[in-house]
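Visitor: See model00.cif below, with mmCIF, C-alpha atoms.
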data_start
#
loop_
_atom_site.label_atom_id
_atom_site.label_comp_id
_atom_site.auth_asym_id
_atom_site.auth_seq_id
_atom_site.Cartn_x
_atom_site.Cartn_y
_atom_site.Cartn_z
CA MET A 135 -0.84 -4.12 -38.02
CA ARG A 136 -3.98 -4.03 -40.12
CA ASP A 137 -5.67 -6.51 -37.81
CA ASP A 138 -4.72 -4.41 -34.78
CA SER A 139 -6.15 -1.32 -36.46
CA ARG A 140 -9.38 -3.13 -37.22
CA VAL A 141 -9.64 -4.33 -33.62
CA ARG A 142 -9.05 -0.81 -32.28
CA ALA A 143 -11.55 0.62 -34.76
CA GLY A 144 -14.13 -1.97 -33.73
CA ARG A 145 -13.62 -1.18 -30.06
CA ALA A 146 -13.94 2.54 -30.76
CA VAL A 147 -17.21 1.99 -32.63
CA ARG A 148 -18.60 -0.17 -29.84
CA LEU A 149 -17.53 2.38 -27.23
CA ALA A 150 -19.15 5.22 -29.17
CA LEU A 151 -22.33 3.19 -29.57
CA LEU A 152 -22.44 2.39 -25.85
CA ILE A 153 -21.90 6.04 -24.93
CA ALA A 154 -24.71 7.09 -27.28
CA LEU A 155 -27.07 4.48 -25.82
CA ALA A 156 -26.12 5.51 -22.28
CA LEU A 157 -26.89 9.15 -23.06
CA LEU A 158 -30.27 8.16 -24.51
CA PHE A 159 -30.98 6.11 -21.40
CA LEU A 160 -30.11 9.06 -19.15
CA ILE A 161 -32.37 11.55 -20.96
CA PRO A 162 -35.48 10.76 -18.82
CA PHE A 163 -33.46 11.19 -15.62
CA TYR A 164 -32.07 14.49 -16.89
CA LEU A 165 -35.59 15.71 -17.66
CA LEU A 166 -36.79 14.76 -14.18
CA VAL A 167 -34.00 16.69 -12.47
CA ARG A 168 -34.09 19.61 -14.90
CA ASN A 169 -37.84 20.15 -14.63
CA GLY A 170 -37.93 19.33 -10.94
CA LEU A 171 -35.56 22.21 -10.17
CA ALA A 172 -37.20 24.65 -12.59
CA ALA A 173 -40.03 27.12 -12.22
CA GLU A 174 -43.39 26.42 -13.84
CA SER A 175 -42.66 29.08 -16.46
CA ASP A 176 -39.42 27.32 -17.48
CA ILE A 177 -41.18 23.95 -17.79
CA THR A 178 -44.02 25.27 -19.96
CA SER A 179 -41.93 27.75 -21.96
CA PRO A 180 -42.01 27.17 -25.75
CA GLU A 181 -38.29 28.02 -25.88
CA TRP A 182 -36.29 25.05 -24.64
CA THR A 183 -33.10 25.57 -22.65
CA PHE A 184 -30.73 22.85 -21.53
CA PHE A 185 -30.77 24.27 -17.99
CA PRO A 186 -33.52 26.44 -16.48
CA SER A 187 -32.87 30.13 -15.99
CA SER A 188 -32.30 29.45 -12.28
CA LEU A 189 -32.28 26.36 -10.11
CA HIS A 190 -35.12 26.37 -7.60
CA TRP A 191 -33.86 24.16 -4.76
CA GLY A 192 -36.83 25.40 -2.80
CA ASN A 193 -38.95 22.98 -4.86
CA VAL A 194 -37.61 20.16 -2.69
CA ARG A 195 -38.59 21.99 0.47
CA GLU A 196 -41.98 22.78 -1.04
CA LEU A 197 -42.49 19.10 -1.89
CA PHE A 198 -41.94 17.88 1.65
CA GLY A 199 -43.76 20.85 3.15
CA ASP A 200 -46.93 20.37 1.09
CA THR A 201 -49.67 19.56 3.62
CA SER A 202 -52.07 18.30 0.94
CA VAL A 203 -49.68 15.49 -0.07
CA PRO A 204 -47.84 13.70 2.78
CA PHE A 205 -44.89 12.78 0.55
CA ALA A 206 -42.47 11.92 3.35
CA ARG A 207 -45.04 9.57 4.89
CA SER A 208 -45.67 8.07 1.46
CA LEU A 209 -41.96 7.38 1.01
CA LEU A 210 -41.87 5.68 4.41
CA ASN A 211 -44.94 3.59 3.58
CA SER A 212 -43.45 2.50 0.26
CA ALA A 213 -40.15 1.60 1.93
CA VAL A 214 -41.89 -0.51 4.60
CA ILE A 215 -44.15 -2.20 2.06
CA ALA A 216 -41.34 -2.89 -0.42
CA VAL A 217 -38.95 -4.29 2.21
CA ALA A 218 -41.63 -6.42 3.92
CA THR A 219 -42.93 -7.71 0.59
CA THR A 220 -39.43 -8.55 -0.59
CA LEU A 221 -38.47 -10.41 2.59
CA GLY A 222 -41.79 -12.25 2.75
CA THR A 223 -41.68 -13.23 -0.91
CA LEU A 224 -38.10 -14.45 -0.66
CA LEU A 225 -38.94 -16.61 2.34
CA LEU A 226 -42.19 -18.11 1.02
CA ALA A 227 -41.11 -18.54 -2.60
CA SER A 228 -37.71 -20.00 -1.74
CA LEU A 229 -39.26 -22.47 0.70
CA ALA A 230 -41.83 -23.50 -1.92
CA GLY A 231 -39.19 -23.75 -4.62
CA TYR A 232 -36.87 -25.78 -2.40
CA GLY A 233 -39.65 -28.14 -1.39
CA LEU A 234 -40.75 -28.68 -4.99
CA ALA A 235 -37.19 -29.22 -6.22
CA ARG A 236 -35.46 -31.15 -3.44
CA ILE A 237 -38.02 -32.85 -1.21
CA PRO A 238 -39.38 -36.13 -2.69
CA TYR A 239 -43.14 -35.90 -3.19
CA ARG A 240 -45.06 -37.70 -5.94
CA HIS A 241 -47.42 -34.79 -6.55
CA ALA A 242 -44.65 -32.15 -6.65
CA ASN A 243 -44.91 -31.64 -10.42
CA LYS A 244 -48.69 -31.28 -10.24
CA VAL A 245 -48.36 -28.63 -7.53
CA PHE A 246 -45.68 -26.87 -9.56
CA TYR A 247 -47.84 -26.81 -12.70
CA ALA A 248 -50.76 -25.49 -10.66
CA ILE A 249 -48.54 -22.65 -9.41
CA LEU A 250 -47.44 -21.92 -12.97
CA GLY A 251 -51.09 -21.91 -14.00
CA THR A 252 -51.70 -18.91 -11.75
CA LEU A 253 -49.34 -16.92 -13.99
CA MET A 254 -51.87 -17.35 -16.78
CA VAL A 255 -54.67 -15.75 -14.75
CA PRO A 256 -55.02 -12.00 -15.37
CA ALA A 257 -54.61 -9.88 -12.27
CA ALA A 258 -58.00 -8.25 -12.94
CA VAL A 259 -59.73 -11.60 -12.32
CA THR A 260 -58.44 -11.88 -8.74
CA PHE A 261 -58.54 -8.17 -7.93
CA VAL A 262 -62.16 -7.97 -6.79
CA PRO A 263 -62.10 -11.18 -4.66
CA SER A 264 -58.86 -10.00 -3.03
CA PHE A 265 -60.40 -6.62 -2.26
CA VAL A 266 -63.52 -8.23 -0.77
CA LEU A 267 -61.38 -10.49 1.42
CA VAL A 268 -59.15 -7.63 2.61
CA SER A 269 -62.22 -5.48 3.27
CA SER A 270 -63.92 -8.22 5.28
CA LEU A 271 -60.81 -8.53 7.45
CA GLY A 272 -60.86 -4.81 8.17
CA TRP A 273 -57.49 -4.23 6.52
CA ILE A 274 -58.44 -1.23 4.39
CA SER A 275 -55.89 1.61 4.76
CA THR A 276 -53.53 -0.64 6.75
CA LEU A 277 -50.08 -1.98 6.01
CA ARG A 278 -51.41 -5.53 6.43
CA GLY A 279 -53.85 -5.00 3.59
CA LEU A 280 -51.11 -3.57 1.41
CA ILE A 281 -48.52 -6.26 2.15
CA VAL A 282 -50.09 -9.65 2.95
CA PRO A 283 -52.02 -10.25 -0.33
CA THR A 284 -48.85 -9.64 -2.37
CA LEU A 285 -46.42 -11.80 -0.40
CA PHE A 286 -46.36 -14.91 -2.61
CA SER A 287 -45.09 -14.74 -6.17
CA ALA A 288 -45.51 -17.64 -8.60
CA PHE A 289 -42.71 -16.23 -10.75
CA ALA A 290 -40.32 -16.13 -7.79
CA CYS A 291 -41.30 -19.70 -6.88
CA PHE A 292 -40.55 -20.78 -10.44
CA VAL A 293 -37.12 -19.12 -10.43
CA PHE A 294 -36.17 -20.69 -7.09
CA ARG A 295 -37.39 -24.11 -8.12
CA GLN A 296 -35.35 -23.99 -11.33
CA TYR A 297 -32.29 -22.86 -9.40
CA PHE A 298 -32.60 -25.50 -6.68
CA LEU A 299 -32.94 -28.27 -9.28
CA GLY A 300 -29.29 -27.61 -10.13
CA PHE A 301 -28.12 -27.11 -6.55
CA PRO A 302 -25.20 -29.44 -5.67
CA GLY A 303 -26.68 -32.50 -3.96
CA GLU A 304 -23.36 -33.28 -2.27
CA LEU A 305 -23.80 -30.31 0.06
CA GLU A 306 -27.20 -31.57 1.15
CA ASP A 307 -25.89 -35.11 1.60
CA ALA A 308 -23.13 -33.79 3.85
CA ALA A 309 -25.71 -31.86 5.86
CA ARG A 310 -27.82 -34.98 6.34
CA VAL A 311 -24.76 -36.92 7.49
CA ASP A 312 -24.33 -34.23 10.15
CA GLY A 313 -27.91 -34.85 11.27
CA LEU A 314 -29.60 -31.81 9.71
CA GLY A 315 -33.21 -32.03 8.60
CA HIS A 316 -34.79 -30.33 5.63
CA TRP A 317 -35.34 -27.01 7.43
CA ARG A 318 -31.83 -26.68 8.87
CA THR A 319 -30.33 -27.86 5.56
CA TYR A 320 -32.27 -25.15 3.78
CA TRP A 321 -31.35 -22.44 6.29
CA ARG A 322 -27.71 -23.33 7.00
CA VAL A 323 -26.55 -24.80 3.68
CA VAL A 324 -28.84 -23.82 0.82
CA VAL A 325 -29.51 -20.15 1.64
CA PRO A 326 -25.86 -19.12 2.24
CA ASN A 327 -24.86 -20.74 -1.06
CA SER A 328 -27.74 -19.19 -3.06
CA ARG A 329 -27.10 -15.49 -2.53
CA PRO A 330 -27.02 -14.55 -6.26
CA VAL A 331 -30.51 -15.86 -6.97
CA PHE A 332 -31.86 -14.37 -3.71
CA ALA A 333 -30.38 -10.99 -4.68
CA ALA A 334 -31.73 -11.17 -8.23
CA VAL A 335 -35.26 -12.16 -7.19
CA GLY A 336 -35.22 -9.72 -4.28
CA THR A 337 -34.29 -6.83 -6.56
CA ILE A 338 -37.09 -7.66 -9.00
CA VAL A 339 -39.66 -8.01 -6.20
CA PHE A 340 -38.52 -4.79 -4.50
CA ILE A 341 -38.83 -2.77 -7.72
CA GLY A 342 -42.25 -4.26 -8.43
CA ALA A 343 -43.49 -3.51 -4.90
CA TRP A 344 -42.13 0.04 -4.99
CA ASN A 345 -43.76 0.76 -8.36
CA SER A 346 -47.10 -0.86 -7.51
CA PHE A 347 -49.96 1.58 -8.03
CA LEU A 348 -53.43 0.05 -8.51
CA TRP A 349 -53.58 -2.10 -5.36
CA PRO A 350 -52.23 0.65 -3.04
CA LEU A 351 -54.60 3.13 -4.70
CA VAL A 352 -57.64 0.99 -3.84
CA ILE A 353 -56.55 -0.25 -0.41
CA GLY A 354 -54.78 2.89 0.85
CA GLN A 355 -57.88 5.05 1.00
CA ASP A 356 -56.57 7.15 3.90
CA ARG A 357 -53.84 9.69 3.08
CA ASN A 358 -51.61 8.25 5.81
CA ALA A 359 -51.66 4.93 3.96
CA TRP A 360 -50.62 6.37 0.59
CA THR A 361 -47.58 4.97 -1.15
CA VAL A 362 -45.20 7.09 -3.21
CA GLN A 363 -46.91 6.15 -6.49
CA VAL A 364 -50.32 7.21 -5.17
CA ALA A 365 -48.79 10.43 -3.88
CA LEU A 366 -47.32 11.12 -7.33
CA SER A 367 -50.74 10.74 -8.94
CA SER A 368 -52.20 13.34 -6.57
CA PHE A 369 -50.12 16.09 -8.20
CA THR A 370 -52.27 15.68 -11.32
CA THR A 371 -55.92 16.63 -10.86
CA SER A 372 -58.75 17.70 -13.15
CA GLN A 373 -58.18 21.32 -12.11
CA VAL A 374 -54.42 21.72 -12.11
CA VAL A 375 -51.15 19.91 -12.76
CA ARG A 376 -48.34 20.93 -10.40
CA LEU A 377 -45.53 20.16 -12.79
CA HIS A 378 -42.49 21.19 -10.74
CA GLU A 379 -43.67 19.17 -7.72
CA LEU A 380 -44.53 16.21 -9.92
CA PHE A 381 -41.09 16.15 -11.53
CA ILE A 382 -39.10 16.62 -8.33
CA ALA A 383 -41.26 14.01 -6.56
CA ALA A 384 -40.62 11.54 -9.38
CA ALA A 385 -36.88 12.25 -9.19
CA VAL A 386 -36.86 11.67 -5.42
CA SER A 387 -38.96 8.52 -5.72
CA ILE A 388 -36.49 6.74 -8.02
CA VAL A 389 -33.49 7.28 -5.75
CA PRO A 390 -34.20 4.17 -3.60
CA LEU A 391 -34.59 2.07 -6.75
CA LEU A 392 -31.26 3.30 -8.10
CA VAL A 393 -29.54 2.54 -4.80
CA VAL A 394 -30.97 -0.99 -4.67
CA PHE A 395 -30.18 -1.69 -8.31
CA LEU A 396 -26.62 -0.35 -8.14
CA PHE A 397 -25.94 -2.31 -4.95
CA PHE A 398 -27.23 -5.63 -6.33
CA GLN A 399 -26.42 -5.25 -10.03
CA ARG A 400 -23.49 -7.65 -9.97
CA TRP A 401 -25.73 -10.30 -8.43
CA ILE A 402 -28.66 -9.95 -10.82
CA VAL A 403 -27.14 -11.42 -13.97
CA ALA A 404 -25.38 -14.20 -12.05
CA GLY A 405 -28.60 -15.08 -10.24
CA VAL A 406 -30.68 -15.22 -13.39
CA GLU A 407 -28.04 -17.24 -15.26
CA ARG A 408 -27.78 -19.78 -12.44
CA SER A 409 -31.56 -20.06 -11.99
CA GLY A 410 -31.90 -22.21 -15.12
CA ILE A 411 -34.71 -20.14 -16.63
CA ASP A 412 -33.55 -20.92 -20.15
CA ASP A 413 -33.47 -24.67 -19.57
#
Before anything else, please render the file you have as structure tokens.

Guide:
Amino acid sequence: MRDDSRVRAGRAVRLALLIALALLFLIPFYLLVRNGLAAESDITSPEWTFFPSSLHWGNVRELFGDTSVPFARSLLNSAVIAVATTLGTLLLASLAGYGLARIPYRHANKVFYAILGTLMVPAAVTFVPSFVLVSSLGWISTLRGLIVPTLFSAFACFVFRQYFLGFPGELEDAARVDGLGHWRTYWRVVVPNSRPVFAAVGTIVFIGAWNSFLWPLVIGQDRNAWTVQVALSSFTTSQVVRLHELFIAAAVSIVPLLVVFLFFQRWIVAGVERSGIDD
């Protein structure tokens, strides 16, 4: 009986700790929603209230009706860029990882180490050459300029390569017996059996593309090419800070990330565990 009491007490302590941590984690989201639906006077008031004196749902309408900040267009741009970057990165990185892991080539390790070496190079070193190249191609303020330079990820290639090293060779052998080459083996056998790692890498790439700020800020010089992060920065100027619009815009901007994360959360841990990163 004592052991059962200790077990129940331990579970209760763990549950209480998890609830406390969850509440702490949710505080930033609460602040976004609370301040986003409040008036400026409630946000800047020295007397804090858990809820504002009145909920201003008109702040949402004001956000999307603001002609100085095309927020709806920025959301669309971010969605297109994030989806295209995710799909392109998954295709290129998985093909590179599969080739390095499963296709015999005596220089495969050298190529792999060269790709890993790019992770050691600070982004600031390649920023100016990338901008000059994009500018010379006439891709300033275009989706091509925002998407193409970010399509390949050395980290994603590393994760796929580590995962494919442990991929069951029997499945590939059976595919070759059926007359499939490397491409059809990859597309018909490897990809359908690698959904966890694709979902995990895709989620990470999507979040990174959605949150990207510096590159879209420099390339998206026209307002119609702004992403959601650039649009958020426009609410803060040297003259004024539009707090209620900034908070409600931030709350709206994280909704797609929450949807993607909640949808793929059960795949993320499985994909990372099966990728062999800790090997």

Visitor: Which neighbours of A:Ile215 fall inside 9 Å, counting only C-alpha atoms, when residues of the same chain fewer than 2 positions from it are skipped, and could you give them as a list in words?

Guide: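 The filter keeps Leu210, Asn211, Ser212, Ala213, Val217, Ala218, Thr219, Thr220, Leu277, Leu280, Ile281, Ala343, Trp344 and Thr361 of chain A.
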
Visitor: What does the structure give for the distance between atom CA of A:Leu189 and atom CA of A:Ala172, in Å to one decimal?

Guide: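 These two atoms are separated by 5.8 Å.
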
Visitor: Find the residues of stretch 138-255 of chain A that sit at most 9 Å from stretch 294-299 of chain A; for each, write down the nearest two atoms and how far apart they are in Å, to one decimal. Count only C-alpha atoms. Sort by chain, then by number going up, and give it as JSON lines.

Guide:
{"residue": "A:Ala227", "atom": "CA", "partner": "A:Phe294", "partner_atom": "CA", "distance": 7.0}
{"residue": "A:Ser228", "atom": "CA", "partner": "A:Phe294", "partner_atom": "CA", "distance": 5.6}
{"residue": "A:Leu229", "atom": "CA", "partner": "A:Phe294", "partner_atom": "CA", "distance": 8.6}
{"residue": "A:Ala230", "atom": "CA", "partner": "A:Arg295", "partner_atom": "CA", "distance": 7.7}
{"residue": "A:Gly231", "atom": "CA", "partner": "A:Arg295", "partner_atom": "CA", "distance": 4.0}
{"residue": "A:Tyr232", "atom": "CA", "partner": "A:Arg295", "partner_atom": "CA", "distance": 6.0}
{"residue": "A:Gly233", "atom": "CA", "partner": "A:Arg295", "partner_atom": "CA", "distance": 8.2}
{"residue": "A:Leu234", "atom": "CA", "partner": "A:Arg295", "partner_atom": "CA", "distance": 6.5}
{"residue": "A:Ala235", "atom": "CA", "partner": "A:Leu299", "partner_atom": "CA", "distance": 5.3}
{"residue": "A:Arg236", "atom": "CA", "partner": "A:Leu299", "partner_atom": "CA", "distance": 7.0}
{"residue": "A:Phe246", "atom": "CA", "partner": "A:Arg295", "partner_atom": "CA", "distance": 8.9}

Visitor: Could you tell me which of A:Leu392, A:Ala173, A:Leu221, A:Leu351 comes closest to A:Phe265 if we count only C-alpha atoms?

Guide: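 Smallest separation from A:Phe265 among the options: A:Leu351.
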
Visitor: Would you compute the distance between atom CA of A:Thr252 and atom CA of A:Ala290? Give it in Å to one decimal.

Guide: 12.4 Å

Visitor: Evaluating the PyMOL selection byres ((chain A and resi 384) around 10) on the displayed file yields which residues, as a PDB file with C-alpha atoms, keeping the file's coordinate frame?

Guide:
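As written to disk, expr_1.pdb reads:
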ATOM      1  CA  PHE A 163     -33.460  11.190 -15.620  1.00  0.00           C
ATOM      2  CA  LEU A 166     -36.790  14.760 -14.180  1.00  0.00           C
ATOM      3  CA  VAL A 167     -34.000  16.690 -12.470  1.00  0.00           C
ATOM      4  CA  GLY A 170     -37.930  19.330 -10.940  1.00  0.00           C
ATOM      5  CA  VAL A 362     -45.200   7.090  -3.210  1.00  0.00           C
ATOM      6  CA  GLN A 363     -46.910   6.150  -6.490  1.00  0.00           C
ATOM      7  CA  ALA A 365     -48.790  10.430  -3.880  1.00  0.00           C
ATOM      8  CA  LEU A 366     -47.320  11.120  -7.330  1.00  0.00           C
ATOM      9  CA  HIS A 378     -42.490  21.190 -10.740  1.00  0.00           C
ATOM     10  CA  GLU A 379     -43.670  19.170  -7.720  1.00  0.00           C
ATOM     11  CA  LEU A 380     -44.530  16.210  -9.920  1.00  0.00           C
ATOM     12  CA  PHE A 381     -41.090  16.150 -11.530  1.00  0.00           C
ATOM     13  CA  ILE A 382     -39.100  16.620  -8.330  1.00  0.00           C
ATOM     14  CA  ALA A 383     -41.260  14.010  -6.560  1.00  0.00           C
ATOM     15  CA  ALA A 385     -36.880  12.250  -9.190  1.00  0.00           C
ATOM     16  CA  VAL A 386     -36.860  11.670  -5.420  1.00  0.00           C
ATOM     17  CA  SER A 387     -38.960   8.520  -5.720  1.00  0.00           C
ATOM     18  CA  ILE A 388     -36.490   6.740  -8.020  1.00  0.00           C
ATOM     19  CA  VAL A 389     -33.490   7.280  -5.750  1.00  0.00           C
TER      20      VAL A 389
END

Visitor: Any chance you could resolve the PyMOL selection byres ((chain A and resi 305-316) around 12) against this file and give the residues as a PDB file with C-alpha atoms, keeping the file's coordinate frame?

Guide:
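Written file, expr23.pdb:
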ATOM      1  CA  LEU A 229     -39.260 -22.470   0.700  1.00  0.00           C
ATOM      2  CA  TYR A 232     -36.870 -25.780  -2.400  1.00  0.00           C
ATOM      3  CA  GLY A 233     -39.650 -28.140  -1.390  1.00  0.00           C
ATOM      4  CA  ARG A 236     -35.460 -31.150  -3.440  1.00  0.00           C
ATOM      5  CA  ILE A 237     -38.020 -32.850  -1.210  1.00  0.00           C
ATOM      6  CA  PRO A 238     -39.380 -36.130  -2.690  1.00  0.00           C
ATOM      7  CA  PHE A 298     -32.600 -25.500  -6.680  1.00  0.00           C
ATOM      8  CA  GLY A 300     -29.290 -27.610 -10.130  1.00  0.00           C
ATOM      9  CA  PHE A 301     -28.120 -27.110  -6.550  1.00  0.00           C
ATOM     10  CA  PRO A 302     -25.200 -29.440  -5.670  1.00  0.00           C
ATOM     11  CA  GLY A 303     -26.680 -32.500  -3.960  1.00  0.00           C
ATOM     12  CA  GLU A 304     -23.360 -33.280  -2.270  1.00  0.00           C
ATOM     13  CA  TRP A 317     -35.340 -27.010   7.430  1.00  0.00           C
ATOM     14  CA  ARG A 318     -31.830 -26.680   8.870  1.00  0.00           C
ATOM     15  CA  THR A 319     -30.330 -27.860   5.560  1.00  0.00           C
ATOM     16  CA  TYR A 320     -32.270 -25.150   3.780  1.00  0.00           C
ATOM     17  CA  TRP A 321     -31.350 -22.440   6.290  1.00  0.00           C
ATOM     18  CA  ARG A 322     -27.710 -23.330   7.000  1.00  0.00           C
ATOM     19  CA  VAL A 323     -26.550 -24.800   3.680  1.00  0.00           C
ATOM     20  CA  VAL A 324     -28.840 -23.820   0.820  1.00  0.00           C
ATOM     21  CA  VAL A 325     -29.510 -20.150   1.640  1.00  0.00           C
ATOM     22  CA  PRO A 326     -25.860 -19.120   2.240  1.00  0.00           C
ATOM     23  CA  ASN A 327     -24.860 -20.740  -1.060  1.00  0.00           C
TER      24      ASN A 327
END

Visitor: Counting only C-alpha atoms, figure out which residue out of A:Val255, A:Phe292, A:Val364, A:Leu155 gets nearest to A:Asn243.

Guide: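 Among the listed residues, A:Phe292 lies closest to A:Asn243.
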
Visitor: How many Å separate atom CA of A:Leu171 from atom CA of A:Asn345?

Guide: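 Rounded to one decimal, the two atoms are 23.0 Å apart.
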
Visitor: From the list A:His190, A:Arg145, A:Arg207, A:Arg168, which residue is nearest A:Asn358 when using only C-alpha atoms?

Guide: A:Arg207

Visitor: I'd like to know which of A:Arg140, A:Arg278, A:Arg376, A:Arg148 is closest to A:Glu174, using all atoms listed in the file.

Guide: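 Result for the nearest residue to A:Glu174: A:Arg376.
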
Visitor: Between A:Phe347, A:Trp273, A:Phe398, A:Trp360, single out the one closest to A:Ala334, counting all atoms listed in the file.

Guide: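 Smallest distance to A:Ala334 is found for A:Phe398.
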
Visitor: Would you translate the PyMOL selection byres ((chain A and resi 179-184) around 12) into the concrete set of residues it matches in this file, as an MDAnalysis selection string?

Guide: chainID A and resid 161 164:165 167:169 172:178 185:188

Visitor: Between A:Leu225, A:Asn193, A:Thr337, A:Gly199, which residue has the minimum interatomic distance to A:Pro390, considering only C-alpha atoms?

Guide: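 Of A:Leu225, A:Asn193, A:Thr337, A:Gly199, the one nearest A:Pro390 is A:Thr337, counting only C-alpha atoms.
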